[in-house]
>>> print(open('target_38.txt').read())   # compact mmCIF, C-alpha atoms
# COMPACT_ATOMS: atom_id res chain seq x y z
CA ASN A 1 3.64 7.91 -19.19
CA ALA A 2 5.25 4.91 -17.56
CA GLY A 3 4.05 3.96 -14.11
CA VAL A 4 6.11 2.69 -11.22
CA MET A 5 8.41 -0.10 -12.35
CA GLN A 6 9.73 -2.91 -10.22
CA ASN A 7 12.05 -5.74 -11.06
CA PRO A 8 12.35 -8.56 -10.89
CA ARG A 9 8.68 -9.46 -10.63
CA HIS A 10 9.50 -12.82 -9.12
CA LEU A 11 12.65 -13.74 -7.24
CA VAL A 12 13.59 -17.09 -5.76
CA ARG A 13 16.44 -17.27 -3.29
CA ARG A 14 17.80 -19.99 -1.09
CA ARG A 15 18.21 -19.35 2.60
CA GLY A 16 21.35 -17.36 3.26
CA GLN A 17 21.50 -15.69 -0.15
CA GLU A 18 21.02 -12.01 -0.88
CA ALA A 19 17.99 -10.47 -2.54
CA ARG A 20 18.06 -7.15 -4.40
CA LEU A 21 14.79 -5.56 -5.35
CA ARG A 22 14.66 -2.53 -7.62
CA CYS A 23 12.10 0.22 -7.99
CA SER A 24 11.95 3.01 -10.55
CA PRO A 25 9.41 5.68 -9.58
CA MET A 26 7.08 7.45 -11.95
CA LYS A 27 8.66 10.17 -14.02
CA GLY A 28 8.94 13.33 -11.99
CA HIS A 29 8.55 11.55 -8.64
CA SER A 30 11.45 11.81 -6.23
CA HIS A 31 9.94 10.05 -3.23
CA VAL A 32 9.78 6.27 -2.81
CA TYR A 33 8.15 4.14 -0.14
CA TRP A 34 8.69 0.41 0.32
CA TYR A 35 5.97 -1.80 1.79
CA ARG A 36 5.92 -5.52 2.55
CA GLN A 37 2.88 -7.74 2.23
CA LEU A 38 3.03 -11.14 3.85
CA PRO A 39 0.71 -13.81 2.40
CA GLU A 40 -2.95 -13.11 3.23
CA GLU A 41 -2.03 -9.96 5.15
CA GLY A 42 -2.08 -6.21 4.69
CA LEU A 43 0.74 -3.95 3.65
CA LYS A 44 3.30 -2.82 6.21
CA PHE A 45 5.49 0.23 5.78
CA MET A 46 9.22 -0.42 5.69
CA VAL A 47 11.10 2.69 4.57
CA TYR A 48 10.65 6.10 2.95
CA LEU A 49 13.39 7.56 0.78
CA GLN A 50 14.06 10.64 -1.26
CA LYS A 51 16.94 10.91 -3.67
CA GLU A 52 20.12 10.18 -1.68
CA ASN A 53 18.29 10.36 1.66
CA ILE A 54 16.55 7.96 3.98
CA ILE A 55 13.70 9.91 5.53
CA ASP A 56 11.97 7.27 7.67
CA GLU A 57 13.17 3.72 8.21
CA SER A 58 11.06 2.99 11.26
CA GLY A 59 9.50 -0.08 9.61
CA MET A 60 12.75 -1.73 8.56
CA PRO A 61 13.98 -4.76 10.49
CA LYS A 62 17.16 -3.77 12.32
CA GLU A 63 19.31 -6.44 10.72
CA ARG A 64 19.80 -7.75 7.18
CA PHE A 65 17.61 -5.10 5.50
CA SER A 66 18.86 -1.92 3.86
CA ALA A 67 17.56 0.51 1.28
CA GLU A 68 18.96 3.25 -0.91
CA PHE A 69 17.79 5.67 -3.55
CA PRO A 70 20.86 7.03 -5.35
CA LYS A 71 21.02 10.22 -7.33
CA GLU A 72 20.95 8.19 -10.52
CA GLY A 73 19.14 4.92 -10.99
CA PRO A 74 16.42 3.02 -9.17
CA SER A 75 15.78 2.63 -5.49
CA ILE A 76 17.09 -0.68 -4.17
CA LEU A 77 15.86 -2.75 -1.25
CA ARG A 78 18.50 -5.22 -0.19
CA ILE A 79 17.94 -8.24 2.02
CA GLN A 80 21.01 -10.09 3.16
CA GLN A 81 21.06 -13.71 4.33
CA VAL A 82 17.41 -14.27 3.52
CA VAL A 83 15.27 -16.54 5.67
CA ARG A 84 11.96 -18.24 4.92
CA GLY A 85 10.10 -15.54 6.84
CA ASP A 86 11.25 -12.98 4.28
CA SER A 87 9.02 -14.60 1.66
CA ALA A 88 6.50 -11.91 0.78
CA ALA A 89 5.45 -9.42 -1.85
CA TYR A 90 7.48 -6.22 -1.72
CA PHE A 91 5.82 -3.17 -3.20
CA CYS A 92 7.27 0.23 -3.78
CA ALA A 93 5.15 3.31 -4.18
CA SER A 94 6.16 6.63 -5.63
CA PHE A 95 4.96 10.01 -4.66
CA ALA A 96 5.32 13.39 -6.33
CA GLY A 97 5.50 15.54 -3.24
CA SER A 98 3.02 18.00 -4.69
CA SER A 99 -0.04 15.84 -4.00
CA TYR A 100 -1.05 13.18 -1.54
CA GLU A 101 -1.38 10.10 -3.74
CA GLN A 102 1.05 7.20 -3.63
CA TYR A 103 1.13 5.01 -6.72
CA PHE A 104 2.21 1.41 -6.37
CA GLY A 105 4.43 -0.67 -8.58
CA PRO A 106 3.54 -4.26 -9.57
CA GLY A 107 5.58 -5.70 -6.73
CA THR A 108 8.36 -8.23 -6.41
CA ARG A 109 7.32 -11.61 -5.07
CA LEU A 110 10.22 -13.06 -3.12
CA THR A 111 10.24 -16.75 -2.36
CA VAL A 112 12.88 -18.14 -0.05
CA THR A 113 13.45 -21.87 -0.33
CA GLY B 1 1.88 5.55 16.32
CA GLU B 2 -1.11 5.25 14.05
CA ASN B 3 -3.27 2.14 14.15
CA VAL B 4 -5.99 1.40 11.60
CA GLU B 5 -8.68 -1.20 12.17
CA GLN B 6 -10.88 -2.45 9.34
CA HIS B 7 -14.14 -4.39 9.33
CA PRO B 8 -15.43 -6.74 8.15
CA SER B 9 -12.63 -9.03 7.08
CA THR B 10 -14.87 -10.71 4.51
CA LEU B 11 -18.04 -9.48 2.85
CA SER B 12 -20.26 -11.42 0.48
CA VAL B 13 -23.02 -9.65 -1.43
CA GLN B 14 -25.26 -10.32 -4.39
CA GLU B 15 -24.71 -8.43 -7.60
CA GLY B 16 -26.55 -5.12 -7.44
CA ASP B 17 -26.43 -4.88 -3.65
CA SER B 18 -24.46 -2.23 -1.78
CA ALA B 19 -21.30 -2.94 0.19
CA VAL B 20 -19.94 -0.96 3.12
CA ILE B 21 -16.48 -1.31 4.63
CA LYS B 22 -15.55 0.56 7.79
CA CYS B 23 -12.23 1.70 9.24
CA THR B 24 -11.21 3.44 12.43
CA TYR B 25 -7.93 5.21 13.09
CA SER B 26 -6.18 6.25 16.26
CA ASP B 27 -4.01 9.25 15.37
CA SER B 28 -6.04 12.45 15.41
CA ALA B 29 -3.29 14.12 13.34
CA SER B 30 -4.01 11.85 10.35
CA ASN B 31 -5.56 13.86 7.57
CA TYR B 32 -5.40 11.72 4.42
CA PHE B 33 -7.45 8.53 3.96
CA PRO B 34 -7.09 6.56 0.72
CA TRP B 35 -8.77 3.34 -0.27
CA TYR B 36 -7.01 0.72 -2.39
CA LYS B 37 -8.37 -2.22 -4.34
CA GLN B 38 -6.11 -5.22 -4.78
CA GLU B 39 -6.92 -8.09 -7.07
CA LEU B 40 -5.19 -11.43 -6.61
CA GLY B 41 -1.51 -11.17 -7.48
CA LYS B 42 -1.80 -7.53 -8.51
CA ARG B 43 -0.69 -4.19 -7.15
CA PRO B 44 -2.89 -2.09 -4.83
CA GLN B 45 -4.77 0.45 -6.93
CA LEU B 46 -6.02 3.72 -5.53
CA ILE B 47 -9.78 3.91 -6.06
CA ILE B 48 -10.75 6.92 -3.99
CA ASP B 49 -9.34 9.09 -1.24
CA ILE B 50 -10.53 11.77 1.13
CA ARG B 51 -8.81 14.51 3.06
CA SER B 52 -9.81 15.66 6.49
CA ASN B 53 -11.23 18.96 5.29
CA VAL B 54 -14.25 17.22 3.70
CA GLY B 55 -16.79 14.79 5.07
CA GLU B 56 -17.78 12.93 1.93
CA LYS B 57 -16.53 12.27 -1.57
CA LYS B 58 -18.19 10.38 -4.39
CA ASP B 59 -16.98 8.96 -7.68
CA GLN B 60 -19.67 7.17 -9.67
CA ARG B 61 -20.58 4.01 -7.70
CA ILE B 62 -17.97 4.59 -5.00
CA ALA B 63 -18.20 6.98 -2.07
CA VAL B 64 -16.18 7.58 1.06
CA THR B 65 -17.36 9.26 4.25
CA LEU B 66 -15.21 10.60 7.06
CA ASN B 67 -16.16 11.34 10.66
CA LYS B 68 -13.18 13.13 12.22
CA THR B 69 -14.78 13.34 15.65
CA ALA B 70 -15.31 9.60 15.87
CA LYS B 71 -12.12 8.90 13.88
CA HIS B 72 -13.72 6.58 11.42
CA PHE B 73 -14.20 6.47 7.66
CA SER B 74 -16.15 4.19 5.39
CA LEU B 75 -16.19 3.00 1.81
CA HIS B 76 -19.55 2.58 0.12
CA ILE B 77 -19.94 0.71 -3.16
CA THR B 78 -23.38 0.77 -4.75
CA GLU B 79 -24.76 -1.48 -7.49
CA THR B 80 -21.96 -3.96 -6.96
CA GLN B 81 -20.70 -5.99 -9.92
CA PRO B 82 -18.72 -9.25 -10.01
CA GLU B 83 -15.66 -7.29 -11.12
CA ASP B 84 -15.76 -5.43 -7.81
CA SER B 85 -14.63 -8.68 -6.16
CA ALA B 86 -11.20 -8.03 -4.65
CA VAL B 87 -9.50 -7.16 -1.38
CA TYR B 88 -10.02 -3.58 -0.28
CA PHE B 89 -7.63 -1.78 2.04
CA CYS B 90 -8.15 1.46 3.87
CA ALA B 91 -5.18 3.53 4.97
CA ALA B 92 -4.37 6.67 6.92
CA SER B 93 -1.48 9.10 6.95
CA ARG B 94 -0.49 12.58 7.99
CA ALA B 95 -0.34 14.90 5.00
CA GLY B 96 1.40 13.57 1.91
CA PHE B 97 4.90 13.02 3.18
CA GLN B 98 4.12 10.35 5.68
CA LYS B 99 3.88 6.60 5.46
CA LEU B 100 0.53 5.00 4.86
CA VAL B 101 -0.74 2.82 7.69
CA PHE B 102 -3.03 0.18 6.25
CA GLY B 103 -5.98 -1.67 7.62
CA THR B 104 -6.00 -5.44 7.50
CA GLY B 105 -8.16 -5.64 4.38
CA THR B 106 -11.68 -6.72 3.46
CA ARG B 107 -12.22 -9.52 0.99
CA LEU B 108 -15.32 -8.57 -1.03
CA LEU B 109 -17.07 -11.26 -3.03
CA VAL B 110 -19.85 -10.22 -5.37
CA SER B 111 -21.91 -13.14 -6.60
CA PRO B 112 -23.79 -12.93 -9.91
>>> encode(input="target_38.txt", output="structure tokens")
Amino acid sequence: NAGVMQNPRHLVRRRGQEARLRCSPMKGHSHVYWYRQLPEEGLKFMVYLQKENIIDESGMPKERFSAEFPKEGPSILRIQQVVRGDSAAYFCASFAGSSYEQYFGPGTRLTVT
Amino acid sequence: GENVEQHPSTLSVQEGDSAVIKCTYSDSASNYFPWYKQELGKRPQLIIDIRSNVGEKKDQRIAVTLNKTAKHFSLHITETQPEDSAVYFCAASRAGFQKLVFGTGTRLLVSP
């Protein structure tokens, strides 16, 4: 019973490049949340998606960030024209919808040089 | 929106002692309160949670209490062990379809 999968685990990008982070939820889960954790800080909500729908994007920066969860394939968090301040750990969490628990993936650690 | 405050930010105890971490929340509609343990470089792991229809829940050495009137909840770890050393986060949300709002974390250090 595979858990939440994220890849890549580590990603290095130069300023101005694009970063694509992928998240595959647990089997049977159709809800995905993305959270960002800055160094030495707590987790901040970014976006909540169901298959083919963005439910809540109130935590997403207005520019450069986008997310999708297509009918087939993983959820993708895309950051365009990365800046040093985007360096953080990005975690996705999946949720079954039939219970309350959110289960976290191992995270993608993005470093912008 | 919801705001969760967590105290203390760091907590050092001797092995075998108890540790208590406290959180307060602002949104009276919040009804789900999980606690996560995060070791360095690892994912947050759910260790215990409580829903607003109960006041206390226990799982071996870990317990959580909830006071809805005062809008605060606490994590209690008894007989602490060095492997309990980690950062602990509390969180709050409405039901199961809402985002988790996290506290700022407590770094627990258990010394042998």
>>> residues_around(input="target_38.txt", residues="B:Ala19", least_positions_apart="3", cutoff="12 Å", atoms="all atoms listed in the file", output="MDAnalysis selection string")
chainID B and resid 7:8 10:16 22 61:64 74:81 84:85 88 106:110
>>> closest_atom_pairs(input="target_38.txt", of="chain A", to="chain B", cutoff="12 Å", atoms="only C-alpha atoms", output="tab-separated table")
residue	atom	partner	partner_atom	distance
A:Gly3	CA	B:Arg43	CA	11.7
A:Val4	CA	B:Arg43	CA	10.5
A:Met5	CA	B:Arg43	CA	11.3
A:Gln6	CA	B:Arg43	CA	10.9
A:Arg9	CA	B:Gly41	CA	10.8
A:His10	CA	B:Gly41	CA	11.3
A:Ser30	CA	B:Phe97	CA	11.5
A:His31	CA	B:Phe97	CA	8.7
A:Val32	CA	B:Lys99	CA	10.2
A:Tyr33	CA	B:Lys99	CA	7.5
A:Trp34	CA	B:Lys99	CA	9.4
A:Tyr35	CA	B:Leu100	CA	9.2
A:Arg36	CA	B:Phe102	CA	11.2
A:Gln37	CA	B:Thr104	CA	10.6
A:Leu38	CA	B:Thr104	CA	11.3
A:Pro39	CA	B:Gly41	CA	10.5
A:Glu40	CA	B:Gly105	CA	9.2
A:Glu41	CA	B:Thr104	CA	6.5
A:Gly42	CA	B:Thr104	CA	4.9
A:Leu43	CA	B:Phe102	CA	6.2
A:Lys44	CA	B:Phe102	CA	7.0
A:Phe45	CA	B:Lys99	CA	6.6
A:Met46	CA	B:Lys99	CA	8.8
A:Val47	CA	B:Lys99	CA	8.3
A:Tyr48	CA	B:Lys99	CA	7.2
A:Leu49	CA	B:Phe97	CA	10.4
A:Gln50	CA	B:Phe97	CA	10.5
A:Ile55	CA	B:Gln98	CA	9.6
A:Asp56	CA	B:Lys99	CA	8.4
A:Glu57	CA	B:Lys99	CA	10.1
A:Ser58	CA	B:Lys99	CA	9.9
A:Gly59	CA	B:Lys99	CA	9.7
A:Ala88	CA	B:Gly41	CA	11.5
A:Ala89	CA	B:Gly41	CA	9.1
A:Tyr90	CA	B:Arg43	CA	10.0
A:Phe91	CA	B:Arg43	CA	7.7
A:Cys92	CA	B:Arg43	CA	9.7
A:Ala93	CA	B:Pro44	CA	9.7
A:Ser94	CA	B:Phe97	CA	11.0
A:Phe95	CA	B:Gly96	CA	8.3
A:Ala96	CA	B:Gly96	CA	9.1
A:Gly97	CA	B:Gly96	CA	6.9
A:Ser98	CA	B:Gly96	CA	8.1
A:Ser99	CA	B:Gly96	CA	6.5
A:Tyr100	CA	B:Gly96	CA	4.2
A:Glu101	CA	B:Gly96	CA	7.2
A:Gln102	CA	B:Leu46	CA	8.1
A:Tyr103	CA	B:Leu46	CA	7.4
A:Phe104	CA	B:Arg43	CA	6.4
A:Gly105	CA	B:Arg43	CA	6.4
A:Pro106	CA	B:Arg43	CA	4.9
A:Gly107	CA	B:Arg43	CA	6.5
A:Thr108	CA	B:Arg43	CA	9.9
A:Arg109	CA	B:Gly41	CA	9.2
>>> atom_distance(input="target_38.txt", atom1="atom CA of A:Leu21", atom2="atom CA of A:Lys51")
16.7 Å
>>> atom_distance(input="target_38.txt", atom1="atom CA of A:Gly16", atom2="atom CA of A:Glu68")
21.2 Å
>>> atom_distance(input="target_38.txt", atom1="atom CA of A:Val12", atom2="atom CA of A:Ser87")
9.1 Å
>>> axis_aligned_box(input="target_38.txt", around="stretch 36-39 of chain A", padding_each_side="6 Å", output="AutoDock Vina command-line options")
--center_x 3.3 --center_y -9.7 --center_z 3.0 --size_x 17.2 --size_y 20.3 --size_z 13.6
>>> residues_near_point(input="target_38.txt", point="(20.0, -9.3, 3.5)", cutoff="6 Å", atoms="only C-alpha atoms", output="MDAnalysis selection string")
chainID A and resid 18 64:65 78:82
>>> residues_around(input="target_38.txt", residues="B:Thr65", least_positions_apart="2", cutoff="6 Å", atoms="all atoms listed in the file", output="PyMOL selection string")
chain B and resi 55-56+73-74
>>> build_atoms(input="target_38.txt", residues="stretch 78-89 of chain A", atoms="all heavy atoms", output="PDB file, in the coordinates of the input")
ATOM      1  N   ARG A  78      17.568  -4.110  -0.261  1.00  0.00           N
ATOM      2  CA  ARG A  78      18.500  -5.220  -0.190  1.00  0.00           C
ATOM      3  C   ARG A  78      18.247  -6.031   1.068  1.00  0.00           C
ATOM      4  O   ARG A  78      18.134  -5.467   2.164  1.00  0.00           O
ATOM      5  CB  ARG A  78      19.928  -4.662  -0.172  1.00  0.00           C
ATOM      6  CG  ARG A  78      21.037  -5.678  -0.147  1.00  0.00           C
ATOM      7  CD  ARG A  78      22.372  -4.936  -0.091  1.00  0.00           C
ATOM      8  NE  ARG A  78      23.503  -5.837   0.003  1.00  0.00           N
ATOM      9  CZ  ARG A  78      24.674  -5.495   0.508  1.00  0.00           C
ATOM     10  NH1 ARG A  78      24.873  -4.272   0.975  1.00  0.00           N
ATOM     11  NH2 ARG A  78      25.655  -6.358   0.544  1.00  0.00           N
ATOM     12  N   ILE A  79      18.135  -7.338   0.884  1.00  0.00           N
ATOM     13  CA  ILE A  79      17.940  -8.240   2.020  1.00  0.00           C
ATOM     14  C   ILE A  79      19.092  -9.229   2.020  1.00  0.00           C
ATOM     15  O   ILE A  79      19.256 -10.004   1.075  1.00  0.00           O
ATOM     16  CB  ILE A  79      16.599  -8.999   1.930  1.00  0.00           C
ATOM     17  CG1 ILE A  79      15.429  -8.038   1.635  1.00  0.00           C
ATOM     18  CG2 ILE A  79      16.344  -9.749   3.239  1.00  0.00           C
ATOM     19  CD1 ILE A  79      14.110  -8.749   1.335  1.00  0.00           C
ATOM     20  N   GLN A  80      19.880  -9.175   3.054  1.00  0.00           N
ATOM     21  CA  GLN A  80      21.010 -10.090   3.160  1.00  0.00           C
ATOM     22  C   GLN A  80      20.609 -11.342   3.940  1.00  0.00           C
ATOM     23  O   GLN A  80      19.725 -11.299   4.803  1.00  0.00           O
ATOM     24  CB  GLN A  80      22.169  -9.396   3.880  1.00  0.00           C
ATOM     25  CG  GLN A  80      22.732  -8.213   3.095  1.00  0.00           C
ATOM     26  CD  GLN A  80      23.863  -7.521   3.840  1.00  0.00           C
ATOM     27  OE1 GLN A  80      23.648  -6.914   4.877  1.00  0.00           O
ATOM     28  NE2 GLN A  80      25.075  -7.608   3.309  1.00  0.00           N
ATOM     29  N   GLN A  81      21.245 -12.442   3.613  1.00  0.00           N
ATOM     30  CA  GLN A  81      21.060 -13.710   4.330  1.00  0.00           C
ATOM     31  C   GLN A  81      19.578 -14.010   4.541  1.00  0.00           C
ATOM     32  O   GLN A  81      19.114 -14.149   5.669  1.00  0.00           O
ATOM     33  CB  GLN A  81      21.799 -13.652   5.674  1.00  0.00           C
ATOM     34  CG  GLN A  81      23.297 -13.449   5.518  1.00  0.00           C
ATOM     35  CD  GLN A  81      24.010 -13.309   6.853  1.00  0.00           C
ATOM     36  OE1 GLN A  81      23.515 -12.641   7.750  1.00  0.00           O
ATOM     37  NE2 GLN A  81      25.154 -13.971   6.959  1.00  0.00           N
ATOM     38  N   VAL A  82      18.854 -14.103   3.444  1.00  0.00           N
ATOM     39  CA  VAL A  82      17.410 -14.270   3.520  1.00  0.00           C
ATOM     40  C   VAL A  82      17.033 -15.525   4.290  1.00  0.00           C
ATOM     41  O   VAL A  82      17.743 -16.532   4.286  1.00  0.00           O
ATOM     42  CB  VAL A  82      16.772 -14.303   2.114  1.00  0.00           C
ATOM     43  CG1 VAL A  82      16.980 -12.968   1.397  1.00  0.00           C
ATOM     44  CG2 VAL A  82      17.296 -15.464   1.285  1.00  0.00           C
ATOM     45  N   VAL A  83      15.862 -15.412   4.953  1.00  0.00           N
ATOM     46  CA  VAL A  83      15.270 -16.540   5.670  1.00  0.00           C
ATOM     47  C   VAL A  83      13.868 -16.754   5.140  1.00  0.00           C
ATOM     48  O   VAL A  83      13.320 -15.900   4.435  1.00  0.00           O
ATOM     49  CB  VAL A  83      15.224 -16.255   7.199  1.00  0.00           C
ATOM     50  CG1 VAL A  83      16.625 -16.016   7.743  1.00  0.00           C
ATOM     51  CG2 VAL A  83      14.331 -15.064   7.525  1.00  0.00           C
ATOM     52  N   ARG A  84      13.276 -17.903   5.469  1.00  0.00           N
ATOM     53  CA  ARG A  84      11.960 -18.240   4.920  1.00  0.00           C
ATOM     54  C   ARG A  84      10.923 -17.172   5.265  1.00  0.00           C
ATOM     55  O   ARG A  84      10.016 -16.890   4.487  1.00  0.00           O
ATOM     56  CB  ARG A  84      11.513 -19.599   5.434  1.00  0.00           C
ATOM     57  CG  ARG A  84      12.282 -20.735   4.827  1.00  0.00           C
ATOM     58  CD  ARG A  84      11.366 -21.873   4.416  1.00  0.00           C
ATOM     59  NE  ARG A  84      12.126 -22.880   3.660  1.00  0.00           N
ATOM     60  CZ  ARG A  84      12.427 -24.067   4.133  1.00  0.00           C
ATOM     61  NH1 ARG A  84      12.051 -24.411   5.355  1.00  0.00           N
ATOM     62  NH2 ARG A  84      13.093 -24.928   3.393  1.00  0.00           N
ATOM     63  N   GLY A  85      11.036 -16.570   6.422  1.00  0.00           N
ATOM     64  CA  GLY A  85      10.100 -15.540   6.840  1.00  0.00           C
ATOM     65  C   GLY A  85      10.150 -14.276   6.013  1.00  0.00           C
ATOM     66  O   GLY A  85       9.263 -13.424   6.131  1.00  0.00           O
ATOM     67  N   ASP A  86      11.169 -14.141   5.169  1.00  0.00           N
ATOM     68  CA  ASP A  86      11.250 -12.980   4.280  1.00  0.00           C
ATOM     69  C   ASP A  86      10.397 -13.156   3.029  1.00  0.00           C
ATOM     70  O   ASP A  86      10.219 -12.202   2.259  1.00  0.00           O
ATOM     71  CB  ASP A  86      12.711 -12.734   3.840  1.00  0.00           C
ATOM     72  CG  ASP A  86      13.623 -12.395   5.003  1.00  0.00           C
ATOM     73  OD1 ASP A  86      13.130 -11.827   6.003  1.00  0.00           O
ATOM     74  OD2 ASP A  86      14.838 -12.687   4.904  1.00  0.00           O
ATOM     75  N   SER A  87       9.875 -14.356   2.824  1.00  0.00           N
ATOM     76  CA  SER A  87       9.020 -14.600   1.660  1.00  0.00           C
ATOM     77  C   SER A  87       7.786 -13.712   1.761  1.00  0.00           C
ATOM     78  O   SER A  87       7.029 -13.782   2.729  1.00  0.00           O
ATOM     79  CB  SER A  87       8.592 -16.069   1.602  1.00  0.00           C
ATOM     80  OG  SER A  87       9.702 -16.915   1.383  1.00  0.00           O
ATOM     81  N   ALA A  88       7.588 -12.895   0.753  1.00  0.00           N
ATOM     82  CA  ALA A  88       6.500 -11.910   0.780  1.00  0.00           C
ATOM     83  C   ALA A  88       6.486 -11.195  -0.569  1.00  0.00           C
ATOM     84  O   ALA A  88       7.360 -11.397  -1.410  1.00  0.00           O
ATOM     85  CB  ALA A  88       6.718 -10.893   1.895  1.00  0.00           C
ATOM     86  N   ALA A  89       5.472 -10.343  -0.723  1.00  0.00           N
ATOM     87  CA  ALA A  89       5.450  -9.420  -1.850  1.00  0.00           C
ATOM     88  C   ALA A  89       5.969  -8.077  -1.360  1.00  0.00           C
ATOM     89  O   ALA A  89       5.524  -7.582  -0.319  1.00  0.00           O
ATOM     90  CB  ALA A  89       4.040  -9.276  -2.423  1.00  0.00           C
TER      91      ALA A  89
END
